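Listing of model.cif; format and content: mmCIF, C-alpha atoms.
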data_structure
#
loop_
_atom_site.group_PDB
_atom_site.id
_atom_site.type_symbol
_atom_site.label_atom_id
_atom_site.label_comp_id
_atom_site.auth_asym_id
_atom_site.auth_seq_id
_atom_site.Cartn_x
_atom_site.Cartn_y
_atom_site.Cartn_z
ATOM 1 C CA MET A 1 78.628 197.422 63.587
ATOM 2 C CA ASN A 2 75.362 195.501 63.198
ATOM 3 C CA ASN A 3 77.324 192.280 62.417
ATOM 4 C CA ARG A 4 79.308 192.706 65.604
ATOM 5 C CA ILE A 5 76.111 193.125 67.652
ATOM 6 C CA ILE A 6 74.581 190.035 66.038
ATOM 7 C CA GLN A 7 77.728 187.956 66.682
ATOM 8 C CA THR A 8 77.845 189.073 70.303
ATOM 9 C CA ALA A 9 74.154 188.206 70.745
ATOM 10 C CA GLN A 10 74.754 184.736 69.228
ATOM 11 C CA MET A 11 77.686 184.079 71.568
ATOM 12 C CA LEU A 12 75.617 185.103 74.569
ATOM 13 C CA ALA A 13 72.738 182.870 73.440
ATOM 14 C CA PHE A 14 75.018 179.819 73.078
ATOM 15 C CA ALA A 15 76.559 180.477 76.491
ATOM 16 C CA PHE A 16 73.087 180.715 78.055
ATOM 17 C CA ILE A 17 71.920 177.447 76.459
ATOM 18 C CA GLY A 18 75.151 175.741 77.533
ATOM 19 C CA ALA A 19 74.588 176.808 81.121
ATOM 20 C CA LEU A 20 71.060 175.374 81.093
ATOM 21 C CA THR A 21 72.089 172.031 79.603
ATOM 22 C CA THR A 22 74.036 169.690 81.974
ATOM 23 C CA GLN A 23 76.237 166.923 80.746
ATOM 24 C CA ALA A 24 76.923 163.518 82.175
ATOM 25 C CA GLU A 25 80.116 163.283 84.175
ATOM 26 C CA SER A 26 82.338 160.267 84.020
ATOM 27 C CA PHE A 27 83.178 158.956 87.485
ATOM 28 C CA ASP A 28 86.208 156.730 87.940
ATOM 29 C CA PHE A 29 85.829 154.166 90.747
ATOM 30 C CA LYS A 30 89.414 153.009 90.967
ATOM 31 C CA ASP A 31 90.406 153.615 94.582
ATOM 32 C CA PRO A 32 94.050 153.063 95.556
ATOM 33 C CA LYS A 33 93.197 153.851 99.204
ATOM 34 C CA GLY A 34 91.029 150.716 99.392
ATOM 35 C CA ILE A 35 88.017 152.504 100.857
ATOM 36 C CA ASN A 36 85.662 151.248 98.143
ATOM 37 C CA ASN A 37 84.549 147.834 99.277
ATOM 38 C CA ILE A 38 82.043 145.021 98.981
ATOM 39 C CA THR A 39 80.902 143.050 102.001
ATOM 40 C CA PHE A 40 79.558 139.522 101.588
ATOM 41 C CA THR A 41 77.718 137.480 104.196
ATOM 42 C CA ILE A 42 76.761 133.800 104.025
ATOM 43 C CA ASP A 43 74.802 131.979 106.697
ATOM 44 C CA ALA A 44 76.385 128.840 108.186
ATOM 45 C CA PRO A 45 75.459 126.588 111.151
ATOM 46 C CA LEU A 46 78.044 127.752 113.688
ATOM 47 C CA GLU A 47 78.326 131.389 112.668
ATOM 48 C CA TYR A 48 77.772 133.415 109.519
ATOM 49 C CA ILE A 49 80.706 133.782 107.158
ATOM 50 C CA SER A 50 81.472 137.430 106.497
ATOM 51 C CA GLY A 51 84.158 138.951 104.346
ATOM 52 C CA THR A 52 85.065 141.892 102.198
ATOM 53 C CA ALA A 53 86.761 142.750 98.924
ATOM 54 C CA ASN A 54 88.251 146.056 97.849
ATOM 55 C CA GLY A 55 89.791 145.553 94.411
ATOM 56 C CA ILE A 56 87.147 147.680 92.753
ATOM 57 C CA SER A 57 87.381 149.688 89.553
ATOM 58 C CA GLY A 58 85.096 150.933 86.821
ATOM 59 C CA THR A 59 83.449 153.940 85.278
ATOM 60 C CA VAL A 60 79.939 155.329 85.669
ATOM 61 C CA GLU A 61 78.375 158.068 83.571
ATOM 62 C CA PHE A 62 76.066 160.198 85.720
ATOM 63 C CA ASP A 63 74.131 163.362 84.955
ATOM 64 C CA PRO A 64 72.551 164.857 88.089
ATOM 65 C CA ALA A 65 69.821 166.392 85.924
ATOM 66 C CA HIS A 66 69.024 163.034 84.282
ATOM 67 C CA PRO A 67 69.918 160.241 86.739
ATOM 68 C CA GLU A 68 67.743 157.762 84.823
ATOM 69 C CA ASN A 69 70.411 157.740 82.090
ATOM 70 C CA THR A 70 73.106 156.542 84.487
ATOM 71 C CA SER A 71 75.197 153.794 82.971
ATOM 72 C CA GLY A 72 78.498 152.136 83.633
ATOM 73 C CA THR A 73 80.591 149.132 84.580
ATOM 74 C CA ILE A 74 81.930 148.144 87.978
ATOM 75 C CA THR A 75 84.575 145.428 88.213
ATOM 76 C CA LEU A 76 85.820 143.522 91.250
ATOM 77 C CA GLU A 77 89.155 141.716 91.312
ATOM 78 C CA THR A 78 88.284 138.424 92.970
ATOM 79 C CA HIS A 79 91.736 137.841 94.454
ATOM 80 C CA THR A 80 90.985 140.682 96.915
ATOM 81 C CA LEU A 81 88.238 138.638 98.608
ATOM 82 C CA MET A 82 89.110 138.488 102.284
ATOM 83 C CA VAL A 83 87.846 136.677 105.389
ATOM 84 C CA ALA A 84 89.320 136.588 108.883
ATOM 85 C CA ASN A 85 90.617 133.024 108.567
ATOM 86 C CA SER A 86 93.479 132.402 106.153
ATOM 87 C CA MET A 87 92.561 128.750 105.569
ATOM 88 C CA MET A 88 88.960 129.678 104.785
ATOM 89 C CA ARG A 89 90.211 132.371 102.407
ATOM 90 C CA ASP A 90 92.324 129.831 100.517
ATOM 91 C CA HIS A 91 89.212 127.640 100.114
ATOM 92 C CA ILE A 92 87.107 130.568 98.885
ATOM 93 C CA LEU A 93 89.690 131.558 96.295
ATOM 94 C CA GLY A 94 90.380 127.959 95.284
ATOM 95 C CA ASP A 95 89.132 125.546 92.656
ATOM 96 C CA GLN A 96 85.947 124.493 94.436
ATOM 97 C CA TRP A 97 84.604 127.988 95.003
ATOM 98 C CA MET A 98 85.660 131.184 93.193
ATOM 99 C CA GLU A 99 88.507 129.735 91.029
ATOM 100 C CA VAL A 100 90.160 133.152 91.001
ATOM 101 C CA GLU A 101 93.028 132.056 88.768
ATOM 102 C CA LYS A 102 90.566 131.118 86.058
ATOM 103 C CA TYR A 103 88.035 133.907 86.748
ATOM 104 C CA PRO A 104 89.955 136.950 88.034
ATOM 105 C CA THR A 105 87.047 139.405 87.921
ATOM 106 C CA ILE A 106 83.364 139.878 88.722
ATOM 107 C CA THR A 107 81.609 142.493 86.598
ATOM 108 C CA PHE A 108 78.344 144.419 86.792
ATOM 109 C CA VAL A 109 77.214 146.421 83.760
ATOM 110 C CA THR A 110 74.227 148.741 83.932
ATOM 111 C CA THR A 111 72.691 150.733 81.128
ATOM 112 C CA ASN A 112 69.988 152.698 82.924
ATOM 113 C CA LEU A 113 68.085 153.277 86.159
ATOM 114 C CA GLU A 114 64.383 152.691 86.702
ATOM 115 C CA GLY A 115 61.976 153.970 89.320
ATOM 116 C CA VAL A 116 64.137 157.008 89.979
ATOM 117 C CA GLU A 117 63.348 159.063 93.095
ATOM 118 C CA SER A 118 65.452 162.169 93.643
ATOM 119 C CA ASP A 119 65.810 164.054 96.909
ATOM 120 C CA GLY A 120 68.379 166.814 96.621
ATOM 121 C CA ASN A 121 71.693 165.210 95.760
ATOM 122 C CA THR A 122 70.458 161.701 96.637
ATOM 123 C CA VAL A 123 68.893 159.438 94.060
ATOM 124 C CA LYS A 124 67.191 156.121 94.824
ATOM 125 C CA ALA A 125 66.447 153.818 91.931
ATOM 126 C CA ILE A 126 66.583 150.293 90.570
ATOM 127 C CA ALA A 127 69.690 149.560 88.529
ATOM 128 C CA THR A 128 69.124 146.988 85.834
ATOM 129 C CA GLY A 129 72.028 145.265 84.228
ATOM 130 C CA THR A 130 74.070 142.121 83.885
ATOM 131 C CA LEU A 131 76.179 140.490 86.585
ATOM 132 C CA THR A 132 78.975 138.156 85.497
ATOM 133 C CA ILE A 133 80.469 135.765 88.040
ATOM 134 C CA LYS A 134 82.796 133.041 86.803
ATOM 135 C CA GLU A 135 81.300 131.939 83.472
ATOM 136 C CA THR A 136 77.692 132.913 84.214
ATOM 137 C CA THR A 137 76.102 136.195 83.155
ATOM 138 C CA LYS A 138 72.633 136.989 84.447
ATOM 139 C CA GLU A 139 70.342 139.978 84.195
ATOM 140 C CA ILE A 140 69.560 141.430 87.585
ATOM 141 C CA ALA A 141 67.752 144.450 89.009
ATOM 142 C CA VAL A 142 69.083 145.841 92.275
ATOM 143 C CA PRO A 143 68.082 148.767 94.485
ATOM 144 C CA ILE A 144 70.702 151.472 94.440
ATOM 145 C CA THR A 145 71.298 154.795 96.185
ATOM 146 C CA LEU A 146 73.472 157.403 94.507
ATOM 147 C CA THR A 147 74.758 160.409 96.409
ATOM 148 C CA TYR A 148 76.205 163.188 94.298
ATOM 149 C CA LEU A 149 78.837 165.275 96.127
ATOM 150 C CA PRO A 150 79.787 168.229 93.932
ATOM 151 C CA GLY A 151 83.169 169.758 94.681
ATOM 152 C CA LYS A 152 84.083 167.162 97.322
ATOM 153 C CA LEU A 153 87.032 165.581 95.516
ATOM 154 C CA ALA A 154 89.273 168.272 96.999
ATOM 155 C CA ASP A 155 88.341 167.105 100.526
ATOM 156 C CA ARG A 156 89.334 163.569 99.619
ATOM 157 C CA THR A 157 92.658 164.540 98.065
ATOM 158 C CA ASN A 158 93.763 167.216 100.552
ATOM 159 C CA GLY A 159 93.103 169.868 97.913
ATOM 160 C CA ASN A 160 95.339 168.244 95.308
ATOM 161 C CA MET A 161 92.503 167.609 92.875
ATOM 162 C CA GLN A 162 89.272 169.400 92.097
ATOM 163 C CA GLY A 163 86.106 167.662 91.051
ATOM 164 C CA ASP A 164 82.993 165.824 92.128
ATOM 165 C CA LEU A 165 82.297 162.552 93.929
ATOM 166 C CA LEU A 166 79.543 160.025 93.343
ATOM 167 C CA VAL A 167 78.825 157.489 96.104
ATOM 168 C CA LEU A 168 76.981 154.296 95.163
ATOM 169 C CA ARG A 169 75.407 152.003 97.722
ATOM 170 C CA THR A 170 73.481 148.825 97.072
ATOM 171 C CA SER A 171 72.523 145.652 98.896
ATOM 172 C CA PHE A 172 71.197 142.503 97.241
ATOM 173 C CA SER A 173 71.383 138.722 97.383
ATOM 174 C CA ILE A 174 72.536 136.186 94.832
ATOM 175 C CA SER A 175 72.463 132.402 94.838
ATOM 176 C CA ARG A 176 75.594 130.300 94.726
ATOM 177 C CA SER A 177 73.773 127.779 92.548
ATOM 178 C CA GLU A 178 72.829 130.384 89.922
ATOM 179 C CA PHE A 179 76.432 131.464 89.439
ATOM 180 C CA GLY A 180 78.212 128.129 89.725
ATOM 181 C CA ILE A 181 79.853 128.890 93.066
ATOM 182 C CA ASN A 182 80.288 125.333 94.378
ATOM 183 C CA ALA A 183 76.708 124.865 93.215
ATOM 184 C CA GLY A 184 74.616 122.265 95.031
ATOM 185 C CA ASN A 185 77.415 121.328 97.428
ATOM 186 C CA ASN A 186 77.890 121.915 101.144
ATOM 187 C CA GLU A 187 74.473 123.561 101.455
ATOM 188 C CA ASP A 188 74.139 122.053 104.934
ATOM 189 C CA LYS A 189 77.331 123.838 105.952
ATOM 190 C CA VAL A 190 77.147 127.029 103.857
ATOM 191 C CA SER A 191 73.928 128.747 102.758
ATOM 192 C CA ASN A 192 73.093 128.979 99.058
ATOM 193 C CA ASP A 193 72.311 132.688 99.439
ATOM 194 C CA ILE A 194 75.028 135.321 99.524
ATOM 195 C CA LEU A 195 74.177 138.830 100.749
ATOM 196 C CA LEU A 196 76.251 141.509 99.030
ATOM 197 C CA LYS A 197 76.617 145.118 100.161
ATOM 198 C CA LEU A 198 78.457 147.563 97.963
ATOM 199 C CA SER A 199 79.732 150.955 99.149
ATOM 200 C CA ILE A 200 81.873 152.744 96.587
ATOM 201 C CA ALA A 201 82.789 156.280 95.598
ATOM 202 C CA GLY A 202 83.884 157.499 92.185
ATOM 203 C CA ALA A 203 85.634 160.704 91.247
ATOM 204 C CA ALA A 204 85.124 163.019 88.296
ATOM 205 C CA VAL A 205 88.136 165.286 88.009
ATOM 206 C CA LYS A 206 87.617 168.814 86.724
ATOM 207 C CA MET B 1 102.370 105.867 133.905
ATOM 208 C CA LYS B 2 98.643 105.673 134.615
ATOM 209 C CA LYS B 3 98.760 108.669 136.876
ATOM 210 C CA LEU B 4 100.931 110.589 134.432
ATOM 211 C CA LEU B 5 98.405 110.073 131.662
ATOM 212 C CA GLN B 6 95.554 111.138 133.895
ATOM 213 C CA ILE B 7 97.369 114.270 135.005
ATOM 214 C CA ALA B 8 98.301 115.058 131.394
ATOM 215 C CA SER B 9 94.695 114.628 130.252
ATOM 216 C CA LEU B 10 93.487 116.999 132.940
ATOM 217 C CA LEU B 11 96.177 119.557 132.101
ATOM 218 C CA ILE B 12 95.303 119.459 128.409
ATOM 219 C CA VAL B 13 91.608 120.005 129.080
ATOM 220 C CA VAL B 14 92.241 122.830 131.532
ATOM 221 C CA ALA B 15 94.890 124.484 129.353
ATOM 222 C CA SER B 16 92.673 124.433 126.283
ATOM 223 C CA PHE B 17 89.748 125.975 128.155
ATOM 224 C CA VAL B 18 91.898 128.623 129.855
ATOM 225 C CA THR B 19 93.524 129.595 126.556
ATOM 226 C CA TRP B 20 90.119 129.767 124.892
ATOM 227 C CA VAL B 21 88.724 131.999 127.645
ATOM 228 C CA LEU B 22 91.787 134.259 127.527
ATOM 229 C CA HIS B 23 91.143 134.706 123.789
ATOM 230 C CA GLY B 24 87.665 135.997 124.567
ATOM 231 C CA ALA B 25 85.762 132.699 124.661
ATOM 232 C CA ASN B 26 85.004 133.031 120.959
ATOM 233 C CA THR B 27 82.118 130.672 120.128
ATOM 234 C CA GLY B 28 82.835 130.924 116.390
ATOM 235 C CA TRP B 29 85.693 129.471 114.398
ATOM 236 C CA THR B 30 89.329 130.351 114.975
ATOM 237 C CA THR B 31 90.417 133.458 113.105
ATOM 238 C CA THR B 32 93.910 134.483 112.069
ATOM 239 C CA GLU B 33 93.022 138.121 111.410
ATOM 240 C CA THR B 34 90.716 140.694 112.957
ATOM 241 C CA ARG B 35 88.611 143.055 110.878
ATOM 242 C CA ILE B 36 88.314 146.644 112.089
ATOM 243 C CA MET B 37 85.864 148.994 110.375
ATOM 244 C CA HIS B 38 86.736 152.660 109.774
ATOM 245 C CA LEU B 39 84.569 155.520 108.538
ATOM 246 C CA ASP B 40 85.587 157.753 105.642
ATOM 247 C CA GLU B 41 84.320 161.157 106.699
ATOM 248 C CA VAL B 42 84.068 162.609 103.207
ATOM 249 C CA THR B 43 81.915 159.890 101.632
ATOM 250 C CA GLY B 44 80.435 158.240 104.742
ATOM 251 C CA ILE B 45 81.670 154.851 103.541
ATOM 252 C CA GLU B 46 82.606 152.267 106.168
ATOM 253 C CA TYR B 47 85.673 150.361 105.070
ATOM 254 C CA PRO B 48 87.616 147.454 106.576
ATOM 255 C CA GLU B 49 91.143 147.100 107.814
ATOM 256 C CA TYR B 50 92.526 143.646 108.652
ATOM 257 C CA ILE B 51 95.197 143.153 111.311
ATOM 258 C CA SER B 52 96.993 139.896 111.989
ATOM 259 C CA GLN B 53 95.676 138.531 115.246
ATOM 260 C CA LEU B 54 95.135 134.913 116.233
ATOM 261 C CA THR B 55 91.854 134.358 118.084
ATOM 262 C CA PHE B 56 91.109 130.782 119.059
ATOM 263 C CA GLY B 57 87.615 129.579 118.403
ATOM 264 C CA ILE B 58 85.432 126.787 119.696
ATOM 265 C CA GLU B 59 87.689 124.150 118.114
ATOM 266 C CA LEU B 60 90.297 124.627 120.839
ATOM 267 C CA PRO B 61 88.268 123.478 123.855
ATOM 268 C CA VAL B 62 86.602 120.795 121.745
ATOM 269 C CA VAL B 63 89.927 119.371 120.544
ATOM 270 C CA GLY B 64 91.459 119.783 124.003
ATOM 271 C CA THR B 65 88.600 117.937 125.674
ATOM 272 C CA THR B 66 88.733 115.193 123.056
ATOM 273 C CA ALA B 67 92.474 114.758 123.513
ATOM 274 C CA GLY B 68 92.058 114.709 127.274
ATOM 275 C CA LEU B 69 89.344 112.077 127.094
ATOM 276 C CA ILE B 70 91.490 109.909 124.820
ATOM 277 C CA LEU B 71 94.417 110.094 127.227
ATOM 278 C CA MET B 72 92.108 109.345 130.140
ATOM 279 C CA ALA B 73 90.673 106.327 128.294
ATOM 280 C CA ILE B 74 94.168 105.027 127.553
ATOM 281 C CA SER B 75 95.082 105.435 131.220
ATOM 282 C CA LEU B 76 92.175 103.203 132.240
ATOM 283 C CA PHE B 77 93.677 100.297 130.293
ATOM 284 C CA ILE B 78 96.993 100.583 132.068
ATOM 285 C CA ARG B 79 97.164 98.363 135.145
ATOM 286 C CA LYS B 80 98.462 99.813 138.351
ATOM 287 C CA SER B 81 101.987 98.491 138.885
ATOM 288 C CA LYS B 82 102.159 96.348 142.033
ATOM 289 C CA LYS B 83 104.894 97.346 144.464
ATOM 290 C CA SER B 84 106.931 94.318 145.417
ATOM 291 C CA SER B 85 106.926 93.820 149.142
#
Could I get this file's structure written as structure tokens?
Amino acid sequence: MNNRIIQTAQMLAFAFIGALTTQAESFDFKDPKGINNITFTIDAPLEYISGTANGISGTVEFDPAHPENTSGTITLETHTLMVANSMMRDHILGDQWMEVEKYPTITFVTTNLEGVESDGNTVKAIATGTLTIKETTKEIAVPITLTYLPGKLADRTNGNMQGDLLVLRTSFSISRSEFGINAGNNEDKVSNDILLKLSIAGAAVK
Amino acid sequence: MKKLLQIASLLIVVASFVTWVLHGANTGWTTTETRIMHLDEVTGIEYPEYISQLTFGIELPVVGTTAGLILMAISLFIRKSKKSS
């Protein structure tokens, strides 16, 4: 009788501790609907060049109780880069610029967040990590906003799947010359700076 | 022949400008697709959709005017044919 009481008390204690301790969720950013996207903008004399890309995938580990431990990898398939002029797109994807046949992906890997500020389900921080474009990998630190949407996966899948969503947004600039993107050429026609804006949502299925 | 070239040059210039204006007088480059942004209500993410649509840019009136000027210049070198009396 006493053993049974002790065992029951132990089970209740473990359940209580488990409820207090959250665990990181793994969010998958592969999006067959093509909503996840990156926008790039480059200044040029006549008009700025603006395009998008939506071949995004990756995984991010996020614990709403400990957002500073957020880590993960986001990958972009470079062949999905798109501008509103087909000839310009061929140039961007070609040998002088992105060389997509040789370098099919762009990757960002982050291991933690710094300067975390939480406001409800929204977290603002600086994501430090490495960005790899073509054959260059550089350490960068970019401002990032994470919005945790618990239980919202059902809304996105018409109730077919249950789980949580994590929306990541960031905006930062890189230099063509730092990443070997037609470095040092055509700077009178196309700016060296590229503004990138990332808006992506990942799902953690429960 | 002289008059024909002059009329052709004028037509080319006018046609290029009219076509450009009808395409919205786009002062940027010609585009072969148009980007439309949509809003995903669940996540608040704005995402693009591209539709095939040719929109002439500033190159059209520039090329049209250049072609017209070339034809006009050629016409100036052609002597008027004298009608035999």
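For Gln6 (chain B), the residues within 7 Å (counting only C-alpha atoms, excluding itself and residues fewer than 6 positions away along the chain) are Leu71, Met72 and Ser75 of chain B.
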Residues selected by the PyMOL selection byres ((chain A) within 6 of (chain B)), written as a PyMOL selection string: chain A and resi 35+47+84-85
Using only C-alpha atoms: which of A:Phe108, A:Thr73, A:Ala127, A:Gln96 has the shortest distance to Asn185 (chain A):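 Under the stated criterion, the closest residue is A:Gln96.
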CA of Asn182 (chain A) to CA of Ile144 (chain A), straight-line distance in Å: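 Interatomic distance here is 27.8 Å.
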Picked residues, the PyMOL selection byres ((chain A and resi 172) around 7), as a PyMOL selection string: chain A and resi 142+170-171+173-174+195-197
Write out N, CA and C atoms for region 45-62 of chain B, as a PDB file, keeping the file's coordinate frame.
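Written file, out-v5.pdb:
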ATOM      1  N   ILE B  45      81.520 156.289 103.791  1.00  0.00           N
ATOM      2  CA  ILE B  45      81.670 154.851 103.541  1.00  0.00           C
ATOM      3  C   ILE B  45      82.428 154.209 104.696  1.00  0.00           C
ATOM      4  N   GLU B  46      81.890 153.083 105.181  1.00  0.00           N
ATOM      5  CA  GLU B  46      82.606 152.267 106.168  1.00  0.00           C
ATOM      6  C   GLU B  46      83.493 151.296 105.415  1.00  0.00           C
ATOM      7  N   TYR B  47      84.764 151.245 105.795  1.00  0.00           N
ATOM      8  CA  TYR B  47      85.673 150.361 105.070  1.00  0.00           C
ATOM      9  C   TYR B  47      86.501 149.554 106.056  1.00  0.00           C
ATOM     10  N   PRO B  48      86.942 148.345 105.633  1.00  0.00           N
ATOM     11  CA  PRO B  48      87.616 147.454 106.576  1.00  0.00           C
ATOM     12  C   PRO B  48      89.137 147.581 106.556  1.00  0.00           C
ATOM     13  N   GLU B  49      89.695 147.287 107.708  1.00  0.00           N
ATOM     14  CA  GLU B  49      91.143 147.100 107.814  1.00  0.00           C
ATOM     15  C   GLU B  49      91.350 145.782 108.529  1.00  0.00           C
ATOM     16  N   TYR B  50      92.248 144.935 108.016  1.00  0.00           N
ATOM     17  CA  TYR B  50      92.526 143.646 108.652  1.00  0.00           C
ATOM     18  C   TYR B  50      93.883 143.703 109.344  1.00  0.00           C
ATOM     19  N   ILE B  51      93.912 143.252 110.600  1.00  0.00           N
ATOM     20  CA  ILE B  51      95.197 143.153 111.311  1.00  0.00           C
ATOM     21  C   ILE B  51      95.417 141.697 111.699  1.00  0.00           C
ATOM     22  N   SER B  52      96.669 141.280 111.635  1.00  0.00           N
ATOM     23  CA  SER B  52      96.993 139.896 111.989  1.00  0.00           C
ATOM     24  C   SER B  52      96.805 139.690 113.476  1.00  0.00           C
ATOM     25  N   GLN B  53      95.917 138.805 113.821  1.00  0.00           N
ATOM     26  CA  GLN B  53      95.676 138.531 115.246  1.00  0.00           C
ATOM     27  C   GLN B  53      95.026 137.157 115.360  1.00  0.00           C
ATOM     28  N   LEU B  54      95.675 136.254 116.057  1.00  0.00           N
ATOM     29  CA  LEU B  54      95.135 134.913 116.233  1.00  0.00           C
ATOM     30  C   LEU B  54      94.104 134.918 117.363  1.00  0.00           C
ATOM     31  N   THR B  55      92.902 134.475 117.059  1.00  0.00           N
ATOM     32  CA  THR B  55      91.854 134.358 118.084  1.00  0.00           C
ATOM     33  C   THR B  55      91.318 132.937 118.010  1.00  0.00           C
ATOM     34  N   PHE B  56      91.562 132.166 119.061  1.00  0.00           N
ATOM     35  CA  PHE B  56      91.109 130.782 119.059  1.00  0.00           C
ATOM     36  C   PHE B  56      89.588 130.714 119.130  1.00  0.00           C
ATOM     37  N   GLY B  57      89.054 129.775 118.404  1.00  0.00           N
ATOM     38  CA  GLY B  57      87.615 129.579 118.403  1.00  0.00           C
ATOM     39  C   GLY B  57      87.235 128.337 119.166  1.00  0.00           C
ATOM     40  N   ILE B  58      86.015 127.887 118.941  1.00  0.00           N
ATOM     41  CA  ILE B  58      85.432 126.787 119.696  1.00  0.00           C
ATOM     42  C   ILE B  58      86.182 125.468 119.462  1.00  0.00           C
ATOM     43  N   GLU B  59      86.955 125.404 118.382  1.00  0.00           N
ATOM     44  CA  GLU B  59      87.689 124.150 118.114  1.00  0.00           C
ATOM     45  C   GLU B  59      88.674 123.827 119.229  1.00  0.00           C
ATOM     46  N   LEU B  60      89.241 124.875 119.851  1.00  0.00           N
ATOM     47  CA  LEU B  60      90.297 124.627 120.839  1.00  0.00           C
ATOM     48  C   LEU B  60      89.785 123.839 122.047  1.00  0.00           C
ATOM     49  N   PRO B  61      88.746 124.279 122.721  1.00  0.00           N
ATOM     50  CA  PRO B  61      88.268 123.478 123.855  1.00  0.00           C
ATOM     51  C   PRO B  61      87.709 122.132 123.423  1.00  0.00           C
ATOM     52  N   VAL B  62      87.144 122.079 122.218  1.00  0.00           N
ATOM     53  CA  VAL B  62      86.602 120.795 121.745  1.00  0.00           C
ATOM     54  C   VAL B  62      87.739 119.802 121.506  1.00  0.00           C
TER      55      VAL B  62
END
